[in-house]
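Containing compact mmCIF, C-alpha atoms: run_5.txt.
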```
# COMPACT_ATOMS: atom_id res chain seq x y z
CA MET A 1 24.90 46.83 44.09
CA TYR A 2 23.03 45.18 41.24
CA ASP A 3 25.08 44.96 38.00
CA ASP A 4 22.30 45.14 35.38
CA LYS A 5 21.89 48.89 34.89
CA ALA A 6 19.19 48.57 32.22
CA SER A 7 16.54 46.75 34.21
CA ILE A 8 15.83 43.68 36.23
CA THR A 9 12.82 42.92 34.04
CA GLY A 10 13.07 39.48 32.52
CA PHE A 11 13.83 37.35 35.57
CA ALA A 12 13.27 33.68 34.84
CA GLN A 13 9.96 32.29 35.95
CA LYS A 14 9.56 28.53 35.67
CA GLY A 15 12.50 28.43 33.29
CA LYS A 16 11.09 31.09 30.93
CA ARG A 17 11.85 34.76 30.53
CA MET A 18 9.00 36.99 31.59
CA SER A 19 7.42 39.22 28.99
CA ARG A 20 8.42 42.88 29.03
CA LYS A 21 5.11 43.82 27.41
CA LYS A 22 2.61 45.46 29.74
CA PRO A 23 -0.89 44.01 29.86
CA GLN A 24 -3.52 46.14 28.11
CA ILE A 25 -5.69 48.33 30.30
CA GLU A 26 -9.33 47.61 29.49
CA LEU A 27 -12.06 50.20 29.82
CA PHE A 28 -15.83 50.36 30.03
CA ASP A 29 -18.25 53.20 29.32
CA ASN A 30 -18.81 55.69 32.10
CA PRO A 31 -22.41 55.04 33.25
CA ARG A 32 -22.88 58.74 34.20
CA PRO A 33 -20.74 60.83 31.82
CA GLY A 34 -22.70 64.01 32.60
CA ARG A 35 -21.88 63.87 36.32
CA ASP A 36 -18.54 64.52 37.99
CA TYR A 37 -17.84 61.80 40.54
CA SER A 38 -14.60 60.34 41.79
CA ILE A 39 -13.33 56.77 41.72
CA SER A 40 -10.69 55.64 44.22
CA ILE A 41 -8.75 52.42 43.72
CA CYS A 42 -6.22 51.00 46.17
CA CYS A 43 -3.65 48.28 45.53
CA PRO A 44 -2.25 47.55 49.01
CA GLU A 45 0.10 44.74 47.91
CA PHE A 46 2.11 46.39 45.13
CA THR A 47 5.62 45.09 44.44
CA SER A 48 8.47 46.13 42.20
CA VAL A 49 12.26 45.77 42.34
CA CYS A 50 14.96 48.27 43.31
CA PRO A 51 17.08 48.84 40.18
CA LYS A 52 20.19 49.47 42.32
CA THR A 53 20.10 46.48 44.66
CA GLY A 54 17.74 43.98 43.01
CA GLN A 55 15.82 43.78 46.29
CA PRO A 56 12.00 43.79 46.28
CA ASP A 57 10.13 46.99 47.05
CA PHE A 58 6.73 46.77 48.71
CA GLY A 59 4.12 49.47 48.72
CA GLN A 60 0.63 50.69 48.11
CA ILE A 61 -0.64 52.34 44.93
CA ARG A 62 -3.68 54.60 45.23
CA ILE A 63 -5.43 55.81 42.07
CA GLU A 64 -8.08 58.52 42.21
CA TYR A 65 -9.79 59.93 39.17
CA ILE A 66 -12.82 61.72 37.76
CA PRO A 67 -13.83 59.80 34.63
CA GLU A 68 -14.78 61.46 31.36
CA GLN A 69 -16.17 58.88 28.89
CA SER A 70 -14.43 55.72 30.16
CA CYS A 71 -13.68 53.93 33.42
CA ILE A 72 -10.84 51.51 34.17
CA GLU A 73 -11.78 47.83 34.37
CA LEU A 74 -10.30 46.46 37.61
CA LYS A 75 -9.17 42.99 36.52
CA SER A 76 -7.05 44.42 33.71
CA LEU A 77 -5.69 47.03 36.14
CA LYS A 78 -4.67 44.24 38.52
CA PHE A 79 -2.73 42.46 35.76
CA TYR A 80 -1.18 45.77 34.65
CA LEU A 81 0.04 46.54 38.19
CA GLN A 82 1.33 42.98 38.61
CA SER A 83 3.51 43.50 35.53
CA TYR A 84 5.77 45.67 37.75
CA ARG A 85 6.44 42.75 40.12
CA ASN A 86 9.86 41.93 38.63
CA LYS A 87 10.63 45.28 37.02
CA GLY A 88 13.62 47.25 38.27
CA ILE A 89 12.35 50.83 38.50
CA PHE A 90 12.75 53.84 40.78
CA TYR A 91 9.66 54.99 42.70
CA GLU A 92 9.47 58.34 40.94
CA ARG A 93 9.55 56.87 37.46
CA LEU A 94 7.11 54.12 38.43
CA THR A 95 4.52 56.59 39.76
CA ASN A 96 4.70 58.82 36.70
CA GLU A 97 4.66 55.84 34.31
CA ILE A 98 1.50 54.46 35.92
CA LEU A 99 -0.14 57.89 35.69
CA ASP A 100 0.86 58.30 32.02
CA ASP A 101 -0.42 54.83 31.09
CA LEU A 102 -3.73 55.09 32.93
CA ALA A 103 -4.50 58.69 31.95
CA GLY A 104 -3.53 57.87 28.36
CA ALA A 105 -5.90 54.92 28.32
CA CYS A 106 -9.04 56.39 29.92
CA ARG A 107 -8.49 60.14 29.36
CA PRO A 108 -10.05 61.27 32.65
CA LYS A 109 -10.97 64.82 33.60
CA TRP A 110 -8.50 64.49 36.48
CA MET A 111 -6.32 61.74 37.93
CA ARG A 112 -3.92 61.33 40.85
CA VAL A 113 -1.60 58.38 41.47
CA THR A 114 0.06 58.07 44.86
CA ALA A 115 2.72 55.45 45.55
CA SER A 116 3.53 54.84 49.22
CA PHE A 117 6.41 52.47 49.90
CA THR A 118 7.27 50.61 53.09
CA PRO A 119 10.34 51.66 55.09
CA ARG A 120 13.83 50.94 53.81
CA GLY A 121 16.54 51.74 56.33
CA GLY A 122 14.02 53.67 58.42
CA ILE A 123 12.87 55.86 55.49
CA THR A 124 9.43 55.80 53.88
CA THR A 125 8.69 57.35 50.51
CA ASP A 126 5.43 58.73 49.10
CA ILE A 127 5.24 59.99 45.51
CA THR A 128 2.19 61.74 44.05
CA ALA A 129 1.66 62.61 40.39
CA GLU A 130 -1.41 64.33 38.90
CA PHE A 131 -3.01 64.74 35.49
CA GLY A 132 -5.52 67.41 34.49
CA SER A 133 -7.34 69.80 36.73
CA CYS A 134 -9.92 69.13 39.37
CA GLY A 135 -12.76 71.40 40.46
CA GLN A 136 -12.59 69.86 43.91
CA GLU A 137 -10.44 71.41 46.61
CA LYS A 138 -7.11 69.63 46.74
CA THR A 139 -5.73 68.93 50.19
CA LYS A 140 -2.34 67.88 51.42
CA LYS A 141 -2.01 64.61 53.29
CA GLY A 142 -3.18 65.05 56.88
CA LYS A 143 -4.69 68.53 56.33
CA ALA A 144 -8.31 69.41 55.68
```
Could you take the file, read its structure, and then write that structure out as structure tokens?
Amino acid sequence: MYDDKASITGFAQKGKRMSRKKPQIELFDNPRPGRDYSISICCPEFTSVCPKTGQPDFGQIRIEYIPEQSCIELKSLKFYLQSYRNKGIFYERLTNEILDDLAGACRPKWMRVTASFTPRGGITTDITAEFGSCGQEKTKKGKA
């Protein structure tokens, strides 16, 4: 069991403490604000740290959204997601925190964040959090 109950954030990297500040999420103007269309982003190499054991967690983050006035710039999103690399955080909190940060930044009509983590002890975990409402039919995983 890992002793630091607060967080594992701040591991030394090259002899320096890592910053706890999250990188800013940059935006650009939606090129078609009058049209509803969806954007899907996948980060297949997401990493964070288990706050109980200090062991790395590996997973995939999928972000889907219908933009309003702004879209998320991908390079800044990459740096934002990488900021979780050494952060001790439970999957459920992580998924909701990403949704809150991204939806707060770009204020989409609708957004879904799904975090799918690789097996630990034979158990996989998928967490989905949503913001707003979507005029599209929502389906459960594996069902049409």
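Closest approach to Glu26 of chain A from the set A:Arg120, A:Lys87, A:Lys78, A:Arg93 is made by A:Lys78, with distances taken over all atoms listed in the file.
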Find, counting all atoms listed in the file, the residue in A:Gly88, A:Gly122, A:Pro31, A:Pro108 that gets nearest to Ile63 of chain A.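 Among the listed residues, the smallest separation from Ile63 of chain A belongs to A:Pro108.
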Can you find the residues with an atom no farther than 6 Å from (3.8, 55.2, 48.0), counting all atoms listed in the file, and report them as an mmCIF file with C-alpha atoms, keeping the file's coordinate frame?
```
data_model
loop_
_atom_site.group_PDB
_atom_site.id
_atom_site.type_symbol
_atom_site.label_atom_id
_atom_site.label_comp_id
_atom_site.auth_asym_id
_atom_site.auth_seq_id
_atom_site.Cartn_x
_atom_site.Cartn_y
_atom_site.Cartn_z
ATOM 1 C CA GLY A 59 4.120 49.470 48.720
ATOM 2 C CA GLN A 60 0.630 50.690 48.110
ATOM 3 C CA THR A 114 0.060 58.070 44.860
ATOM 4 C CA ALA A 115 2.720 55.450 45.550
ATOM 5 C CA SER A 116 3.530 54.840 49.220
ATOM 6 C CA PHE A 117 6.410 52.470 49.900
ATOM 7 C CA THR A 125 8.690 57.350 50.510
ATOM 8 C CA ASP A 126 5.430 58.730 49.100
ATOM 9 C CA ILE A 127 5.240 59.990 45.510
#
```
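Residue nearest Cys71 of chain A within the list A:Ser48, A:Ser38, A:Asn30, A:Gln24: A:Asn30 [criterion: smallest interatomic distance, all atoms listed in the file].
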Would you kindly return, as a list of chain:residue names, each protein, DNA or RNA residue with an atom no farther than 12 Å from any atom of Glu68 of chain A, considering all atoms listed in the file and excluding same-chain residues fewer than 6 positions away? A:Leu27, A:Phe28, A:Asp29, A:Asn30, A:Pro31, A:Arg32, A:Pro33, A:Gly34, A:Arg35, A:Asp36, A:Tyr37, A:Ser38, A:Ile39, A:Ala103, A:Ala105, A:Cys106, A:Arg107, A:Pro108, A:Lys109, A:Trp110, A:Met111, A:Gly132
What does the file look like for those residues with C-alpha atoms, as a PDB file, in the frame of the given file?
```pdb
ATOM      1  CA  LEU A  27     -12.060  50.200  29.820  1.00  0.00           C
ATOM      2  CA  PHE A  28     -15.830  50.360  30.030  1.00  0.00           C
ATOM      3  CA  ASP A  29     -18.250  53.200  29.320  1.00  0.00           C
ATOM      4  CA  ASN A  30     -18.810  55.690  32.100  1.00  0.00           C
ATOM      5  CA  PRO A  31     -22.410  55.040  33.250  1.00  0.00           C
ATOM      6  CA  ARG A  32     -22.880  58.740  34.200  1.00  0.00           C
ATOM      7  CA  PRO A  33     -20.740  60.830  31.820  1.00  0.00           C
ATOM      8  CA  GLY A  34     -22.700  64.010  32.600  1.00  0.00           C
ATOM      9  CA  ARG A  35     -21.880  63.870  36.320  1.00  0.00           C
ATOM     10  CA  ASP A  36     -18.540  64.520  37.990  1.00  0.00           C
ATOM     11  CA  TYR A  37     -17.840  61.800  40.540  1.00  0.00           C
ATOM     12  CA  SER A  38     -14.600  60.340  41.790  1.00  0.00           C
ATOM     13  CA  ILE A  39     -13.330  56.770  41.720  1.00  0.00           C
ATOM     14  CA  ALA A 103      -4.500  58.690  31.950  1.00  0.00           C
ATOM     15  CA  ALA A 105      -5.900  54.920  28.320  1.00  0.00           C
ATOM     16  CA  CYS A 106      -9.040  56.390  29.920  1.00  0.00           C
ATOM     17  CA  ARG A 107      -8.490  60.140  29.360  1.00  0.00           C
ATOM     18  CA  PRO A 108     -10.050  61.270  32.650  1.00  0.00           C
ATOM     19  CA  LYS A 109     -10.970  64.820  33.600  1.00  0.00           C
ATOM     20  CA  TRP A 110      -8.500  64.490  36.480  1.00  0.00           C
ATOM     21  CA  MET A 111      -6.320  61.740  37.930  1.00  0.00           C
ATOM     22  CA  GLY A 132      -5.520  67.410  34.490  1.00  0.00           C
TER      23      GLY A 132
END
```
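Coordinates place atom CA of Thr95 of chain A at a distance of 7.1 Å from atom CA of Thr128 of chain A.
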Leaving out Cys42 of chain A and any residue of its chain fewer than 2 positions from it, which residues lie within 6 Å of it when counting all atoms listed in the file, given as a list in words? Pro44, Ile61 and Arg62 of chain A
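Coordinates place atom CA of Ser76 of chain A at a distance of 16.9 Å from atom CA of Val113 of chain A.
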Spatial neighbours of Cys50 of chain A, 7 Å, all atoms listed in the file, chain gap at least 3 places, as a list in words: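 Everything that qualifies: Thr53, Gly54, Gln55, Pro56, Asp57, Gly88, Ile89 and Phe90 of chain A.
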Provide segment 102-118 of chain A rebuilt to N, CA and C atoms, formatted as a short mmCIF file (atom, residue, chain, number, x, y, z; two decimals), in the frame of the given file.
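What ended up in part33.cif:
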```cif
data_model
loop_
_atom_site.label_atom_id
_atom_site.label_comp_id
_atom_site.auth_asym_id
_atom_site.auth_seq_id
_atom_site.Cartn_x
_atom_site.Cartn_y
_atom_site.Cartn_z
N LEU A 102 -2.31 55.10 32.60
CA LEU A 102 -3.73 55.09 32.93
C LEU A 102 -4.46 56.31 32.36
N ALA A 103 -3.87 57.48 32.50
CA ALA A 103 -4.50 58.69 31.95
C ALA A 103 -4.56 58.61 30.42
N GLY A 104 -3.53 58.04 29.81
CA GLY A 104 -3.53 57.87 28.36
C GLY A 104 -4.60 56.91 27.89
N ALA A 105 -4.90 55.91 28.70
CA ALA A 105 -5.90 54.92 28.32
C ALA A 105 -7.33 55.44 28.49
N CYS A 106 -7.63 56.02 29.65
CA CYS A 106 -9.04 56.39 29.92
C CYS A 106 -9.34 57.88 29.74
N ARG A 107 -8.33 58.70 29.58
CA ARG A 107 -8.49 60.14 29.36
C ARG A 107 -9.48 60.77 30.35
N PRO A 108 -9.15 60.73 31.64
CA PRO A 108 -10.05 61.27 32.65
C PRO A 108 -10.03 62.80 32.68
N LYS A 109 -10.98 63.37 33.37
CA LYS A 109 -10.97 64.82 33.60
C LYS A 109 -9.80 65.17 34.52
N TRP A 110 -9.57 64.29 35.50
CA TRP A 110 -8.50 64.49 36.48
C TRP A 110 -8.09 63.13 37.03
N MET A 111 -6.80 62.98 37.34
CA MET A 111 -6.32 61.74 37.93
C MET A 111 -5.13 62.03 38.83
N ARG A 112 -5.06 61.28 39.93
CA ARG A 112 -3.92 61.33 40.85
C ARG A 112 -3.49 59.89 41.14
N VAL A 113 -2.17 59.66 41.08
CA VAL A 113 -1.60 58.38 41.47
C VAL A 113 -0.62 58.65 42.61
N THR A 114 -0.83 57.95 43.71
CA THR A 114 0.06 58.07 44.86
C THR A 114 0.67 56.71 45.14
N ALA A 115 1.98 56.67 45.22
CA ALA A 115 2.72 55.45 45.55
C ALA A 115 3.35 55.65 46.92
N SER A 116 3.00 54.79 47.85
CA SER A 116 3.53 54.84 49.22
C SER A 116 4.28 53.55 49.48
N PHE A 117 5.58 53.66 49.73
CA PHE A 117 6.41 52.47 49.90
C PHE A 117 6.80 52.25 51.35
N THR A 118 6.93 50.98 51.72
CA THR A 118 7.27 50.61 53.09
C THR A 118 8.70 51.05 53.42
#
```
